[in-house]
Structures are given as structure tokens and as C-alpha cells.
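Scroll down for the structure; my scribbles are underneath it.
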Amino acid sequence: MEQRPMSHSRTISTKLVLPPDTNHMQTIFGGKVLAYIDEIAAITAMKHAQTAVVTASIDSVDFLSSATVGDVLELESVVSSTGRTSMEIFVSVHSMDLETGAKRLTTESFLTFVAMDEDKKPIPVPGVFPETEMEKRLFETGPARREHRKMRRAIMH
């Protein structure tokens, strides 16, 4: 199976933080950010695999700063590594204050998706290769994250 550049499936999405999206501190609910992350990661995985996918796990989510009403969230995702039927997706979320132009990293997350056929059975996915320095770092650290996921599953079961 051919390999694809990480840029092939790169996906970018923009969301406006509105009052119903926030908690009593006027910051966006973490669950709302997680929903955005899962959605963009699924789109990225489907673009890469060119088939339906399912979320296998949300491997890590680091909330680094908050976003408030009126901020714009910019989500960017990329396939960071692949297994035989699985894809690891990296998602970064930045918030931007449109009045000041201030931009900050809000959230980083890794998720794992599995490609599925029409019978809902896992199917092979193309590999990926990095092009930029950031992509190279993500790609090179992928095996360590995969081992961490395996160890976590062994402990939980």
C-alpha cells in the first residue's frame, strides 16, 4: 500500500466560542473542545484512509489554556503515524482574541482511529511520511506513544 504525506490529510477548522459553549467562569467547556477535537480528527482519518473510521481511543488531552466567549478556536489535525489498520491523529487547538490578535495554544490531543469496511471490519490504511520539522518530530515519537498505549491497555485489562 502506498504512503501519503502527512499534509495530504491535514485539516483545519475554525469555531467561535459562544455563551452556550461556556461554563460559569465564562470559559469554554472542556467537553465542547473534546467534541470539536473528535470531529476534526475523524475527518482527518477519513481523508487519509478514504473510508469510514471509528474512534478507538482518545489517548491524551492536555488543556493548556482557556478560551472565553468571543474567542475564535483554530483546530488543526494531521495523521501523525499509522499502524496496519489504525491511525494516530494529532490535534492542536489555538484560541485567538480577535480584538487584540493575541493567539495562544489552548489544547493538544492524540487520538487513535481505525479504518472500517462496509461490513464494519478493520481494513489496512496507507502509511504516512513527514515533510516539515514539526511533522518529523510527531512521526519519530509515534512508536513511543504506540508502546505507551499498549502498556496502558495491558494495565487496564
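Ordering of the C-alpha cells sets the chain letters (A, B, ...), residue numbers begin anew at 1 in every chain, and ligands are numbered from 1 in the order given.
Residues in contact with Leu64 (chain A) at up to 8 Å, not including ones fewer than 6 positions away on its chain and judged by only C-alpha atoms, are Leu105, Thr106, Thr107 and Glu108 of chain A.
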Those same residues, written as a compact mmCIF listing (two decimals), in the first residue's frame with all heavy atoms?
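Once written, selection.txt looks like this:
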```txt
# COMPACT_ATOMS: atom_id res chain seq x y z
N LEU A 105 -1.80 28.69 22.45
CA LEU A 105 -2.09 27.26 22.38
C LEU A 105 -3.04 26.92 23.52
O LEU A 105 -2.76 27.22 24.68
CB LEU A 105 -0.81 26.45 22.48
CG LEU A 105 -0.95 24.94 22.42
CD1 LEU A 105 -1.57 24.49 21.10
CD2 LEU A 105 0.41 24.29 22.63
N THR A 106 -4.17 26.32 23.18
CA THR A 106 -5.20 26.00 24.15
C THR A 106 -5.19 24.53 24.53
O THR A 106 -5.27 24.18 25.70
CB THR A 106 -6.60 26.38 23.59
OG1 THR A 106 -6.58 27.77 23.25
CG2 THR A 106 -7.70 26.13 24.58
N THR A 107 -5.10 23.65 23.52
CA THR A 107 -5.22 22.22 23.77
C THR A 107 -4.39 21.45 22.76
O THR A 107 -4.30 21.85 21.59
CB THR A 107 -6.70 21.76 23.64
OG1 THR A 107 -7.53 22.65 24.37
CG2 THR A 107 -6.91 20.35 24.13
N GLU A 108 -3.81 20.32 23.21
CA GLU A 108 -3.17 19.36 22.31
C GLU A 108 -3.72 17.99 22.65
O GLU A 108 -3.96 17.67 23.81
CB GLU A 108 -1.65 19.36 22.48
CG GLU A 108 -0.98 20.61 21.97
CD GLU A 108 0.53 20.55 22.07
OE1 GLU A 108 1.05 20.02 23.07
OE2 GLU A 108 1.18 21.03 21.12
```
Report the residues of chain A whose backbone DSSP state falls under strand (DSSP E), written as a PyMOL selection string.
chain A and resi 3-5+11-16+52-63+72-82+86-96+103-116+127-129
Two-atom distance - CA of Ser92 (chain A), CA of Glu76 (chain A) (Å)
5.4 Å
Which residue, A:Met6, A:Val54, A:Met25, A:Val78, has the smallest gap to Lys121 (chain A) when you use only C-alpha atoms?
A:Val54
From a DSSP calculation on the backbone, collect every residue of chain A in alpha helix (DSSP H) and output the set as JSON, numbers by chain.
{"A": [30, 31, 32, 33, 34, 35, 36, 37, 38, 39, 40, 41, 42, 43, 44, 45, 46, 47, 48, 49, 133, 134, 135, 136, 137, 138, 139, 140, 142, 143, 144, 145, 146, 147, 148, 149, 150, 151, 152, 153, 154, 155, 156]}
One decimal, Å: what's the distance from CA of Val69 (chain A) over to CA of Ala41 (chain A), could you say?
23.8 Å
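Considering only C-alpha atoms, the residue among A:Ala102, A:Leu16, A:Ala67, A:Val114 positioned nearest to Met46 (chain A) is A:Val114.
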Considering only C-alpha atoms, can you say which of A:Glu147, A:Asp119, A:Glu74, A:Glu133 comes closest to Val93 (chain A)?
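Looking only at the distances to Val93 (chain A), the closest residue turns out to be A:Glu74.
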Given the choices A:His48, A:Val53, A:Asp59, A:Ala144, which gets closest to Arg4 (chain A) if the distance is worked out from only C-alpha atoms?
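That would be A:His48, the residue with the smallest distance to Arg4 (chain A).
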Write out as a PDB file with N, CA, C and O atoms, in the first residue's frame the residues lying within 10 Å of Glu2 (chain A), counting only C-alpha atoms and excluding same-chain residues fewer than 6 positions away.
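The resulting file, around11.pdb, is shown below:
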```
ATOM      1  N   VAL A 125      -4.624   0.626   6.184  1.00  0.00           N
ATOM      2  CA  VAL A 125      -4.538   2.040   5.822  1.00  0.00           C
ATOM      3  C   VAL A 125      -3.157   2.331   5.235  1.00  0.00           C
ATOM      4  O   VAL A 125      -2.186   1.642   5.556  1.00  0.00           O
ATOM      5  N   PRO A 126      -3.054   3.339   4.394  1.00  0.00           N
ATOM      6  CA  PRO A 126      -1.744   3.738   3.881  1.00  0.00           C
ATOM      7  C   PRO A 126      -0.865   4.276   5.013  1.00  0.00           C
ATOM      8  O   PRO A 126      -1.373   4.802   5.999  1.00  0.00           O
ATOM      9  N   GLY A 127       0.433   4.156   4.846  1.00  0.00           N
ATOM     10  CA  GLY A 127       1.360   4.766   5.785  1.00  0.00           C
ATOM     11  C   GLY A 127       1.435   6.261   5.555  1.00  0.00           C
ATOM     12  O   GLY A 127       0.823   6.794   4.626  1.00  0.00           O
ATOM     13  N   VAL A 128       2.188   6.948   6.406  1.00  0.00           N
ATOM     14  CA  VAL A 128       2.404   8.384   6.244  1.00  0.00           C
ATOM     15  C   VAL A 128       3.894   8.677   6.278  1.00  0.00           C
ATOM     16  O   VAL A 128       4.679   7.884   6.803  1.00  0.00           O
TER      17      VAL A 128
END
```
Would you mind reading off the distance between CA of Leu111 (chain A) and CA of Lys47 (chain A), one decimal, in Å?
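So the answer is 15.2 Å.
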Would you list the contacts of Thr55 (chain A) as JSON, numbers by chain, taking every protein, DNA or RNA residue within 10 Å and counting only C-alpha atoms, but skipping same-chain residues closer than 6 positions in sequence?
{"A": [38, 39, 41, 42, 45, 86, 87, 111, 112, 113, 114, 115]}
Store the residues picked out above, limited to N, CA, C and O atoms, as a PDB file, in the first residue's frame.
```pdb
ATOM      1  N   ASP A  38     -12.629  15.499  18.442  1.00  0.00           N
ATOM      2  CA  ASP A  38     -13.025  14.195  17.891  1.00  0.00           C
ATOM      3  C   ASP A  38     -13.524  14.344  16.456  1.00  0.00           C
ATOM      4  O   ASP A  38     -13.201  13.537  15.583  1.00  0.00           O
ATOM      5  N   GLU A  39     -14.290  15.396  16.198  1.00  0.00           N
ATOM      6  CA  GLU A  39     -14.829  15.608  14.849  1.00  0.00           C
ATOM      7  C   GLU A  39     -13.722  15.879  13.832  1.00  0.00           C
ATOM      8  O   GLU A  39     -13.674  15.254  12.767  1.00  0.00           O
ATOM      9  N   ALA A  41     -10.550  15.205  14.068  1.00  0.00           N
ATOM     10  CA  ALA A  41      -9.677  14.033  13.959  1.00  0.00           C
ATOM     11  C   ALA A  41     -10.316  12.962  13.078  1.00  0.00           C
ATOM     12  O   ALA A  41      -9.635  12.323  12.264  1.00  0.00           O
ATOM     13  N   ALA A  42     -11.620  12.765  13.203  1.00  0.00           N
ATOM     14  CA  ALA A  42     -12.321  11.785  12.365  1.00  0.00           C
ATOM     15  C   ALA A  42     -12.251  12.190  10.892  1.00  0.00           C
ATOM     16  O   ALA A  42     -12.014  11.345  10.021  1.00  0.00           O
ATOM     17  N   ALA A  45      -8.768  11.429   9.643  1.00  0.00           N
ATOM     18  CA  ALA A  45      -8.587   9.984   9.450  1.00  0.00           C
ATOM     19  C   ALA A  45      -9.318   9.487   8.202  1.00  0.00           C
ATOM     20  O   ALA A  45      -8.788   8.679   7.437  1.00  0.00           O
ATOM     21  N   SER A  86      -4.855   1.160  11.852  1.00  0.00           N
ATOM     22  CA  SER A  86      -5.115   2.312  12.726  1.00  0.00           C
ATOM     23  C   SER A  86      -4.299   3.525  12.316  1.00  0.00           C
ATOM     24  O   SER A  86      -3.280   3.419  11.634  1.00  0.00           O
ATOM     25  N   MET A  87      -4.787   4.676  12.762  1.00  0.00           N
ATOM     26  CA  MET A  87      -4.124   5.948  12.509  1.00  0.00           C
ATOM     27  C   MET A  87      -4.113   6.748  13.800  1.00  0.00           C
ATOM     28  O   MET A  87      -5.144   6.859  14.467  1.00  0.00           O
ATOM     29  N   LEU A 111      -5.338  11.076  19.262  1.00  0.00           N
ATOM     30  CA  LEU A 111      -6.441  10.128  19.192  1.00  0.00           C
ATOM     31  C   LEU A 111      -6.056   8.998  18.252  1.00  0.00           C
ATOM     32  O   LEU A 111      -5.227   9.187  17.358  1.00  0.00           O
ATOM     33  N   THR A 112      -6.685   7.845  18.426  1.00  0.00           N
ATOM     34  CA  THR A 112      -6.464   6.717  17.528  1.00  0.00           C
ATOM     35  C   THR A 112      -7.778   6.346  16.862  1.00  0.00           C
ATOM     36  O   THR A 112      -8.811   6.223  17.535  1.00  0.00           O
ATOM     37  N   PHE A 113      -7.717   6.190  15.542  1.00  0.00           N
ATOM     38  CA  PHE A 113      -8.879   5.792  14.743  1.00  0.00           C
ATOM     39  C   PHE A 113      -8.556   4.514  13.997  1.00  0.00           C
ATOM     40  O   PHE A 113      -7.394   4.252  13.668  1.00  0.00           O
ATOM     41  N   VAL A 114      -9.587   3.732  13.704  1.00  0.00           N
ATOM     42  CA  VAL A 114      -9.445   2.501  12.923  1.00  0.00           C
ATOM     43  C   VAL A 114     -10.310   2.625  11.677  1.00  0.00           C
ATOM     44  O   VAL A 114     -11.475   3.039  11.757  1.00  0.00           O
ATOM     45  N   ALA A 115      -9.725   2.280  10.525  1.00  0.00           N
ATOM     46  CA  ALA A 115     -10.458   2.297   9.254  1.00  0.00           C
ATOM     47  C   ALA A 115     -11.358   1.069   9.175  1.00  0.00           C
ATOM     48  O   ALA A 115     -10.949  -0.033   9.560  1.00  0.00           O
TER      49      ALA A 115
END
```
Give the answer as one residue: which of A:Ser81, A:Gly31, A:Lys150, A:Ile58 has the shortest atom-to-atom distance to Phe129 (chain A), using only C-alpha atoms?
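Distance minimum relative to Phe129 (chain A) lands on A:Ser81.
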